$ cat my_file.txt   # compact mmCIF, C-alpha atoms
# COMPACT_ATOMS: atom_id res chain seq x y z
CA MET A 1282 341.55 240.44 125.52
CA ARG A 1283 341.68 241.44 121.91
CA LEU A 1284 343.08 243.84 119.39
CA ARG A 1285 339.56 244.75 118.41
CA CYS A 1286 336.39 245.69 120.28
CA ARG A 1287 333.40 243.44 120.44
CA TRP A 1288 330.86 242.69 123.13
CA LEU A 1289 329.32 239.34 123.87
CA LYS A 1290 326.40 238.67 126.19
CA TRP A 1291 326.57 235.51 128.23
CA GLY A 1292 323.54 233.64 129.45
CA ALA A 1293 324.98 230.52 130.94
CA LEU A 1294 325.05 228.35 134.03
CA LEU A 1295 328.34 227.82 135.76
CA VAL A 1296 329.16 224.17 136.33
CA TRP A 1297 332.17 223.02 138.32
CA GLY A 1298 333.14 219.74 139.97
CA ILE A 1299 334.62 219.34 143.40
CA LEU A 1300 338.21 220.52 143.62
CA ALA A 1301 340.62 218.92 146.05
CA THR A 1302 342.37 221.75 147.88
CA GLY A 1303 344.49 221.79 150.99
CA ALA A 1304 344.55 224.45 153.67
CA ALA A 1305 347.68 225.91 152.10
CA GLY A 1306 349.30 225.56 148.69
CA ALA A 1307 347.64 223.23 146.21
CA GLU A 1308 346.59 219.63 146.09
CA PRO A 1309 345.50 218.34 142.67
CA MET A 1310 342.69 216.01 141.89
CA ASN A 1311 343.80 212.78 140.29
CA TRP A 1312 344.57 213.00 136.60
CA LYS A 1313 341.83 211.48 134.50
CA SER A 1314 343.17 209.34 131.68
CA LEU A 1315 341.11 210.02 128.55
CA ALA A 1316 343.27 207.80 126.35
CA PRO A 1317 346.87 206.59 126.49
CA GLY A 1318 349.00 209.73 126.51
CA LEU A 1319 346.07 212.13 126.94
CA GLU A 1320 345.04 213.22 130.44
CA LEU A 1321 342.79 215.81 132.05
CA GLY A 1322 343.66 217.42 135.38
CA ARG A 1323 341.75 219.84 137.61
CA PHE A 1324 343.51 221.96 140.16
CA GLY A 1325 342.60 224.32 142.93
CA HIS A 1326 345.21 226.73 144.28
CA ARG A 1327 345.30 229.36 147.00
CA THR A 1328 348.20 231.76 147.21
CA GLY A 1329 347.63 232.34 150.92
CA ALA A 1330 345.16 232.34 153.78
CA GLY A 1331 341.96 234.15 152.91
CA THR A 1332 342.71 234.39 149.20
CA ALA A 1333 340.25 233.24 146.54
CA GLU A 1334 340.75 229.82 145.05
CA VAL A 1335 342.11 229.64 141.53
CA GLN A 1336 340.51 226.96 139.34
CA ILE A 1337 342.67 225.60 136.54
CA VAL A 1338 342.01 222.85 133.98
CA VAL A 1339 344.95 221.21 132.19
CA VAL A 1340 345.02 218.79 129.26
CA ARG A 1341 348.36 216.96 129.33
CA ILE A 1342 349.51 215.56 125.98
CA ASP A 1343 352.27 213.06 125.29
CA PRO A 1344 353.61 214.18 121.88
CA ASP A 1345 355.03 210.71 121.27
CA ARG A 1346 351.45 209.37 121.16
CA TRP A 1347 349.54 212.43 119.93
CA ASP A 1348 350.20 214.82 117.07
CA LEU A 1349 349.79 218.54 117.60
CA ARG A 1350 348.38 220.35 114.58
CA LEU A 1351 347.07 223.76 113.59
CA GLY A 1352 343.65 224.60 112.23
CA LEU A 1353 343.76 227.83 110.21
CA ALA A 1354 340.83 229.47 108.47
CA SER A 1355 343.30 231.12 106.07
CA GLU A 1356 344.16 227.74 104.53
CA THR A 1357 340.88 225.84 104.95
CA ASP A 1358 338.32 226.30 102.19
CA GLY A 1359 334.80 227.11 103.34
CA VAL A 1360 335.79 227.67 106.97
CA ASP A 1361 334.65 230.90 108.55
CA GLY A 1362 334.01 231.53 112.19
CA LEU A 1363 334.36 228.09 113.77
CA SER A 1364 334.38 227.62 117.53
CA ALA A 1365 336.83 225.25 119.22
CA ARG A 1366 334.14 222.55 119.24
CA GLU A 1367 333.44 223.06 115.53
CA TRP A 1368 337.15 222.96 114.68
CA ALA A 1369 337.40 219.62 116.51
CA ARG A 1370 334.56 218.18 114.45
CA HIS A 1371 335.86 219.66 111.21
CA LEU A 1372 339.43 218.33 111.50
CA GLY A 1373 339.00 215.36 113.83
CA PHE A 1374 340.81 216.85 116.81
CA ALA A 1375 340.42 215.26 120.23
CA ALA A 1376 341.30 218.54 121.98
CA VAL A 1377 341.34 222.14 120.74
CA ILE A 1378 342.48 225.45 122.23
CA ASN A 1379 343.09 228.95 120.86
CA ALA A 1380 346.29 229.38 118.84
CA GLY A 1381 346.72 233.00 119.93
CA MET A 1382 345.49 236.53 119.37
CA PHE A 1383 344.54 237.64 115.87
CA ALA A 1384 344.12 240.85 113.90
CA THR A 1385 340.98 242.69 112.87
CA ASP A 1386 340.76 240.73 109.61
CA TYR A 1387 339.77 237.68 111.70
CA LEU A 1388 342.45 235.65 109.91
CA THR A 1389 345.97 236.89 110.66
CA HIS A 1390 347.75 235.74 113.78
CA ILE A 1391 349.60 238.36 115.85
CA GLY A 1392 353.12 237.06 115.42
CA TYR A 1393 354.73 234.43 113.25
CA LEU A 1394 352.46 231.50 112.31
CA GLN A 1395 353.22 228.67 109.91
CA HIS A 1396 351.47 225.36 109.24
CA ARG A 1397 353.73 223.33 106.96
CA GLU A 1398 353.81 225.06 103.56
CA HIS A 1399 351.14 227.58 104.55
CA VAL A 1400 352.39 230.75 106.27
CA ASN A 1401 349.58 232.68 107.92
CA ASN A 1402 351.85 235.51 109.09
CA PRO A 1403 355.53 235.74 108.08
CA ARG A 1404 356.22 238.74 110.34
CA LEU A 1405 357.87 238.37 113.71
CA SER A 1406 356.38 240.32 116.60
CA ARG A 1407 358.15 241.41 119.78
CA TYR A 1408 356.81 238.33 121.59
CA GLN A 1409 359.54 236.02 122.86
CA SER A 1410 357.86 232.58 122.87
CA LEU A 1411 357.71 230.22 119.88
CA ALA A 1412 355.95 226.85 120.06
CA ALA A 1413 357.09 224.31 117.47
CA PHE A 1414 355.66 220.93 116.47
CA CYS A 1415 355.11 218.80 113.34
CA PRO A 1416 358.75 217.61 113.34
CA LYS A 1417 360.26 216.96 109.93
CA SER A 1418 362.17 213.84 111.01
CA PRO A 1419 361.53 211.20 113.70
CA GLU A 1420 364.68 211.93 115.72
CA ILE A 1421 363.56 215.52 116.46
CA VAL A 1422 361.77 216.26 119.72
CA PRO A 1423 358.08 216.36 118.66
CA PHE A 1424 357.09 219.42 120.71
CA ARG A 1425 359.10 222.33 122.06
CA ILE A 1426 358.49 225.87 123.29
CA PHE A 1427 361.50 228.05 122.52
CA ASP A 1428 362.58 231.26 124.21
CA MET A 1429 363.39 233.47 121.26
CA ASP A 1430 365.80 235.59 123.30
CA ALA A 1431 367.88 232.55 124.32
CA PRO A 1432 371.53 232.84 123.16
CA ASP A 1433 371.35 229.62 121.13
CA PHE A 1434 367.96 230.29 119.49
CA SER A 1435 367.86 230.27 115.68
CA LEU A 1436 364.59 230.76 113.83
CA ASP A 1437 366.11 229.31 110.67
CA GLU A 1438 367.11 226.18 112.58
CA VAL A 1439 363.61 225.80 114.03
CA LYS A 1440 362.10 226.18 110.55
CA HIS A 1441 364.50 223.50 109.30
CA ARG A 1442 363.33 221.08 112.00
CA TYR A 1443 359.60 221.81 112.37
CA GLY A 1444 356.64 222.33 110.07
CA CYS A 1445 354.36 224.07 112.60
CA MET A 1446 355.36 227.21 114.50
CA VAL A 1447 353.32 229.72 116.47
CA GLN A 1448 354.74 232.84 118.13
CA ASN A 1449 352.97 234.21 121.19
CA LEU A 1450 353.41 236.38 124.24
CA ARG A 1451 355.62 234.65 126.80
CA LEU A 1452 354.32 233.81 130.27
CA ILE A 1453 357.01 231.56 131.75
CA LYS A 1454 360.60 231.42 130.54
CA ARG A 1455 362.56 228.17 130.61
CA PRO A 1456 363.32 226.59 133.06
CA GLY A 1457 360.48 228.07 135.15
CA GLU A 1458 360.88 231.86 135.43
CA ASN A 1459 357.81 234.06 135.86
CA ARG A 1460 358.27 236.86 133.32
CA TRP A 1461 355.38 239.04 134.47
CA GLU A 1462 355.41 241.70 137.15
CA ALA A 1463 352.46 242.00 139.54
CA GLN A 1464 349.64 244.07 138.03
CA PRO A 1465 345.99 244.79 138.90
CA LYS A 1466 344.44 243.70 135.60
CA THR A 1467 342.93 240.20 135.62
CA TRP A 1468 341.32 237.94 133.04
CA ILE A 1469 340.44 234.34 132.27
CA GLU A 1470 343.34 232.71 130.45
CA ALA A 1471 344.06 230.05 127.84
CA ALA A 1472 347.74 229.11 127.62
CA LEU A 1473 350.12 226.54 126.19
CA GLY A 1474 352.88 225.04 128.32
CA GLU A 1475 355.61 222.43 128.30
CA ASP A 1476 356.62 220.23 131.23
CA ARG A 1477 359.97 218.67 132.16
CA GLN A 1478 359.16 215.53 130.19
CA GLY A 1479 358.44 217.49 127.02
CA ARG A 1480 354.68 217.01 127.25
CA ALA A 1481 352.37 219.72 125.95
CA LEU A 1482 349.98 221.36 128.41
CA MET A 1483 346.75 222.98 127.25
CA ILE A 1484 345.99 225.26 130.20
CA PHE A 1485 342.72 227.01 131.02
CA SER A 1486 342.39 229.22 134.09
CA ARG A 1487 338.69 229.65 134.76
CA THR A 1488 339.40 232.17 137.51
CA PRO A 1489 340.21 235.73 136.38
CA GLN A 1490 343.63 236.66 137.69
CA SER A 1491 346.73 238.59 136.73
CA MET A 1492 349.33 236.90 134.58
CA HIS A 1493 351.86 237.19 137.40
CA ALA A 1494 349.49 235.39 139.78
CA LEU A 1495 348.66 232.74 137.17
CA ASN A 1496 352.33 232.04 136.54
CA GLU A 1497 352.96 231.70 140.26
CA ALA A 1498 350.05 229.26 140.53
CA LEU A 1499 351.26 227.17 137.58
CA LEU A 1500 354.77 227.00 138.99
CA ALA A 1501 353.45 226.00 142.42
CA LEU A 1502 351.20 223.23 141.10
CA PRO A 1503 352.63 219.73 140.53
CA LEU A 1504 352.73 220.23 136.76
CA GLN A 1505 356.52 220.31 136.39
CA ILE A 1506 355.99 223.21 134.00
CA VAL A 1507 359.14 224.76 132.53
CA CYS A 1508 357.75 227.30 130.09
CA ALA A 1509 354.44 228.68 128.82
CA GLN A 1510 352.95 231.14 126.36
CA HIS A 1511 349.75 233.18 126.36
CA LEU A 1512 347.11 232.13 123.85
CA GLU A 1513 343.99 234.14 124.68
CA GLY A 1514 342.23 235.87 127.53
CA GLY A 1515 338.66 236.77 128.42
CA PRO A 1516 335.49 235.54 126.73
CA GLU A 1517 337.29 234.42 123.56
CA ALA A 1518 339.39 231.85 125.43
CA GLN A 1519 338.12 228.34 124.63
CA LEU A 1520 339.01 224.74 125.38
CA PHE A 1521 337.22 221.73 123.93
CA VAL A 1522 337.96 218.05 124.59
CA SER A 1523 336.09 215.04 123.22
CA VAL A 1524 337.39 211.49 123.64
CA GLY A 1525 335.06 208.49 123.64
CA ASP A 1526 332.06 209.25 125.83
CA PHE A 1527 333.85 212.11 127.60
CA SER A 1528 333.45 215.71 126.50
CA LEU A 1529 334.36 219.06 128.02
CA GLU A 1530 333.81 222.53 126.65
CA ILE A 1531 334.90 225.73 128.37
CA ILE A 1532 334.05 229.07 126.81
CA GLY A 1533 335.30 232.15 128.58
CA GLY A 1534 335.09 230.39 131.93
CA TYR A 1535 331.67 228.78 131.47
CA GLU A 1536 331.80 225.01 131.30
CA ASN A 1537 329.80 222.14 129.86
CA ARG A 1538 330.78 218.56 130.69
CA SER A 1539 329.47 215.20 129.55
CA GLY A 1540 325.81 214.81 130.36
CA THR A 1541 325.37 218.06 132.32
CA GLY A 1542 322.99 219.63 129.83
CA THR A 1543 324.41 223.05 130.60
CA ILE A 1544 323.61 225.75 128.04
CA LEU A 1545 326.59 227.90 127.15
CA GLY A 1546 326.66 231.34 125.63
CA ALA A 1547 327.60 231.67 121.98
CA ALA A 1548 331.26 230.86 121.32
CA TRP A 1549 333.49 233.39 119.60
CA PRO A 1550 334.74 232.42 116.13
CA LEU A 1551 338.39 231.36 116.20
CA PRO A 1552 340.36 231.66 112.96
CA ASN A 1553 343.41 229.83 114.35
CA VAL A 1554 343.49 226.90 116.78
CA ILE A 1555 345.87 224.27 118.10
CA GLY A 1556 344.47 220.74 118.06
CA VAL A 1557 345.64 217.22 118.87
CA MET A 1558 344.89 213.91 117.20
CA PRO A 1559 346.25 210.40 117.81
CA LYS A 1560 349.32 209.43 115.83
CA PRO A 1561 348.60 207.06 112.95
$ encode --input "my_file.txt" --output "structure tokens"
Amino acid sequence: MRLRCRWLKWGALLVWGILATGAAGAEPMNWKSLAPGLELGRFGHRTGAGTAEVQIVVVRIDPDRWDLRLGLASETDGVDGLSAREWARHLGFAAVINAGMFATDYLTHIGYLQHREHVNNPRLSRYQSLAAFCPKSPEIVPFRIFDMDAPDFSLDEVKHRYGCMVQNLRLIKRPGENRWEAQPKTWIEAALGEDRQGRALMIFSRTPQSMHALNEALLALPLQIVCAQHLEGGPEAQLFVSVGDFSLEIIGGYENRSGTGTILGAAWPLPNVIGVMPKP
């Protein structure tokens, strides 16, 4: 899913662990603790009898223990065409996901994007979801996804409180409203969510599905999700996690885990990413 056309050939093996699924609804595997405040969850979900199983990976981040940051090629000297894995190595991130769709210049985010003093795109789009982090004072909630059409929303106030802001297409409106109608088009999805405890959720649906169906699955799973925004879809969607001796890389639905030796197809270059690192 892109505002430009480009084809990528994939020669990869699909690797997937055993998912714990019940006869109806969803039953998650246990969360795997990667480090205090950083967890990995795998979920299988069926919307009904006879339907295909949806496979979703979630990285759950406690923003009181982990800092969310942005990696932007537009402000990083010598950076051009890094994958999620390469961004992690370049900036020391423990987990990386797409920051959102970008324009044909391979630099400019579609929607407002600011990383502290650097503004990648000052223009607001019609998208109604704004993720904010890098709080400017310790008493401010460290991570928040705002609905920009909420009566009390003020962009100036958010800018006053936060140094990092990224505007994207809304999937779920607070406090848990699916904003997409049913549609036939499906794709693999990378998304960013927030749960009831204010934790950030890096979400990767490895199963192509409509955004309406994905939202229904996320709301049905025991994630306590209250809002979410679209980051990327299709082969460009990426998620990379590396903590200690654990590593996980998903590129457009193809996965490589620690020690599997799986060969993935070439990763798309990502000019803008969201990453996490432990607080000092």
$ residues_near_point --input "my_file.txt" --point "(330.8, 233.1, 120.9)" --cutoff "8 Å" --atoms "all atoms listed in the file" --output "number ranges by chain"
A: 1289, 1364, 1516-1517, 1532, 1546-1550
$ atom_distance --input "my_file.txt" --atom1 "atom CA of His1511 of chain A" --atom2 "atom CA of Leu1353 of chain A"
18.0 Å
$ closest_residue --input "my_file.txt" --among "A:Ile1391, A:Ala1316, A:Leu1512, A:Val1439" --to "Ile1469 of chain A" --atoms "all atoms listed in the file"
A:Leu1512
$ residues_around --input "my_file.txt" --residues "Glu1513 of chain A" --least-positions-apart "3" --cutoff "10 Å" --atoms "only C-alpha atoms" --output "number ranges by chain"
A: 1282-1283, 1378-1383, 1449-1450, 1468-1473, 1485, 1510, 1516-1519, 1533
$ residues_around --input "my_file.txt" --residues "Arg1425 of chain A" --least-positions-apart "3" --cutoff "7 Å" --atoms "only C-alpha atoms" --output "JSON, numbers by chain"
{"A": [1412, 1413, 1414, 1479]}
$ write_last_selection --input "my_file.txt" --atoms "C-alpha atoms" --output "compact mmCIF listing (two decimals), in the coordinates of the input"
# COMPACT_ATOMS: atom_id res chain seq x y z
CA ALA A 1412 355.95 226.85 120.06
CA ALA A 1413 357.09 224.31 117.47
CA PHE A 1414 355.66 220.93 116.47
CA GLY A 1479 358.44 217.49 127.02
$ closest_residue --input "my_file.txt" --among "A:Pro1503, A:Pro1489, A:Gly1325, A:Gly1515" --to "Arg1477 of chain A" --atoms "only C-alpha atoms"
A:Pro1503
$ residues_near_point --input "my_file.txt" --point "(364.1, 217.0, 111.2)" --cutoff "8 Å" --atoms "only C-alpha atoms" --output "PyMOL selection string"
chain A and resi 1416-1421+1441-1443
$ closest_residue --input "my_file.txt" --among "A:Pro1432, A:Gly1373, A:Gly1514, A:Gly1444" --to "Lys1466 of chain A" --atoms "all atoms listed in the file"
A:Gly1514
$ closest_residue --input "my_file.txt" --among "A:Leu1520, A:Ile1506, A:Leu1394, A:Leu1405" --to "Gly1474 of chain A" --atoms "only C-alpha atoms"
A:Ile1506
$ residues_around --input "my_file.txt" --residues "Phe1374 of chain A" --least-positions-apart "2" --cutoff "9 Å" --atoms "all atoms listed in the file" --output "compact mmCIF listing (two decimals) with C-alpha atoms, in the coordinates of the input"
# COMPACT_ATOMS: atom_id res chain seq x y z
CA ARG A 1350 348.38 220.35 114.58
CA TRP A 1368 337.15 222.96 114.68
CA ALA A 1369 337.40 219.62 116.51
CA ARG A 1370 334.56 218.18 114.45
CA HIS A 1371 335.86 219.66 111.21
CA LEU A 1372 339.43 218.33 111.50
CA ALA A 1376 341.30 218.54 121.98
CA VAL A 1377 341.34 222.14 120.74
CA VAL A 1522 337.96 218.05 124.59
CA SER A 1523 336.09 215.04 123.22
CA GLY A 1556 344.47 220.74 118.06
CA VAL A 1557 345.64 217.22 118.87
CA MET A 1558 344.89 213.91 117.20
CA PRO A 1559 346.25 210.40 117.81
$ decode --input "my_file.txt" --residues "segment 1370-1399 of chain A" --atoms "N, CA and C atoms" --output "tab-separated table (two decimals), in the first residue's frame"
chain	number	residue	atom	x	y	z
A	1370	ARG	N	19.90	-1.04	14.27
A	1370	ARG	CA	21.35	-1.07	14.49
A	1370	ARG	C	21.94	0.33	14.46
A	1371	HIS	N	21.40	1.18	13.60
A	1371	HIS	CA	21.95	2.52	13.44
A	1371	HIS	C	21.69	3.41	14.66
A	1372	LEU	N	20.50	3.28	15.26
A	1372	LEU	CA	20.12	4.17	16.35
A	1372	LEU	C	20.00	3.46	17.71
A	1373	GLY	N	20.25	2.16	17.74
A	1373	GLY	CA	20.22	1.45	19.01
A	1373	GLY	C	18.83	1.12	19.50
A	1374	PHE	N	17.87	0.98	18.59
A	1374	PHE	CA	16.51	0.65	18.97
A	1374	PHE	C	16.38	-0.84	19.26
A	1375	ALA	N	15.57	-1.17	20.27
A	1375	ALA	CA	15.27	-2.56	20.58
A	1375	ALA	C	14.13	-3.10	19.72
A	1376	ALA	N	13.25	-2.21	19.26
A	1376	ALA	CA	12.14	-2.59	18.39
A	1376	ALA	C	11.88	-1.44	17.42
A	1377	VAL	N	11.53	-1.78	16.19
A	1377	VAL	CA	11.31	-0.78	15.14
A	1377	VAL	C	10.11	-1.20	14.31
A	1378	ILE	N	9.29	-0.21	13.93
A	1378	ILE	CA	8.18	-0.44	13.01
A	1378	ILE	C	8.06	0.79	12.12
A	1379	ASN	N	7.35	0.66	11.01
A	1379	ASN	CA	7.12	1.79	10.11
A	1379	ASN	C	6.51	2.96	10.88
A	1380	ALA	N	6.84	4.19	10.45
A	1380	ALA	CA	6.22	5.37	11.05
A	1380	ALA	C	4.99	5.81	10.27
A	1381	GLY	N	4.79	5.28	9.06
A	1381	GLY	CA	3.64	5.65	8.25
A	1381	GLY	C	4.00	5.73	6.79
A	1382	MET	N	2.99	6.05	5.98
A	1382	MET	CA	3.20	6.15	4.54
A	1382	MET	C	4.01	7.41	4.20
A	1383	PHE	N	4.69	7.36	3.06
A	1383	PHE	CA	5.54	8.48	2.68
A	1383	PHE	C	5.40	8.78	1.20
A	1384	ALA	N	5.84	9.96	0.81
A	1384	ALA	CA	5.65	10.47	-0.55
A	1384	ALA	C	6.70	9.91	-1.50
A	1385	THR	N	6.58	10.30	-2.75
A	1385	THR	CA	7.46	9.77	-3.79
A	1385	THR	C	8.89	10.25	-3.68
A	1386	ASP	N	9.17	11.23	-2.81
A	1386	ASP	CA	10.56	11.65	-2.61
A	1386	ASP	C	11.29	10.73	-1.65
A	1387	TYR	N	10.59	9.71	-1.12
A	1387	TYR	CA	11.19	8.75	-0.19
A	1387	TYR	C	11.70	9.40	1.09
A	1388	LEU	N	11.15	10.55	1.44
A	1388	LEU	CA	11.56	11.27	2.65
A	1388	LEU	C	10.37	11.78	3.45
A	1389	THR	N	9.39	12.37	2.74
A	1389	THR	CA	8.33	13.13	3.38
A	1389	THR	C	7.17	12.24	3.80
A	1390	HIS	N	6.84	12.32	5.07
A	1390	HIS	CA	5.71	11.58	5.62
A	1390	HIS	C	4.40	12.15	5.10
A	1391	ILE	N	3.40	11.29	4.94
A	1391	ILE	CA	2.07	11.74	4.52
A	1391	ILE	C	1.30	12.13	5.77
A	1392	GLY	N	1.30	13.41	6.07
A	1392	GLY	CA	0.71	13.91	7.29
A	1392	GLY	C	1.77	14.61	8.13
A	1393	TYR	N	1.34	15.17	9.23
A	1393	TYR	CA	2.26	15.92	10.09
A	1393	TYR	C	3.26	14.98	10.74
A	1394	LEU	N	4.54	15.38	10.77
A	1394	LEU	CA	5.58	14.57	11.40
A	1394	LEU	C	6.66	15.48	11.95
A	1395	GLN	N	6.89	15.37	13.26
A	1395	GLN	CA	7.90	16.19	13.92
A	1395	GLN	C	8.70	15.35	14.90
A	1396	HIS	N	10.01	15.51	14.88
A	1396	HIS	CA	10.90	14.86	15.85
A	1396	HIS	C	11.71	15.95	16.53
A	1397	ARG	N	11.23	16.39	17.68
A	1397	ARG	CA	11.84	17.48	18.43
A	1397	ARG	C	11.92	18.74	17.55
A	1398	GLU	N	13.12	19.28	17.32
A	1398	GLU	CA	13.21	20.52	16.55
A	1398	GLU	C	13.07	20.29	15.04
A	1399	HIS	N	13.18	19.04	14.62
A	1399	HIS	CA	13.12	18.74	13.19
A	1399	HIS	C	11.69	18.43	12.78
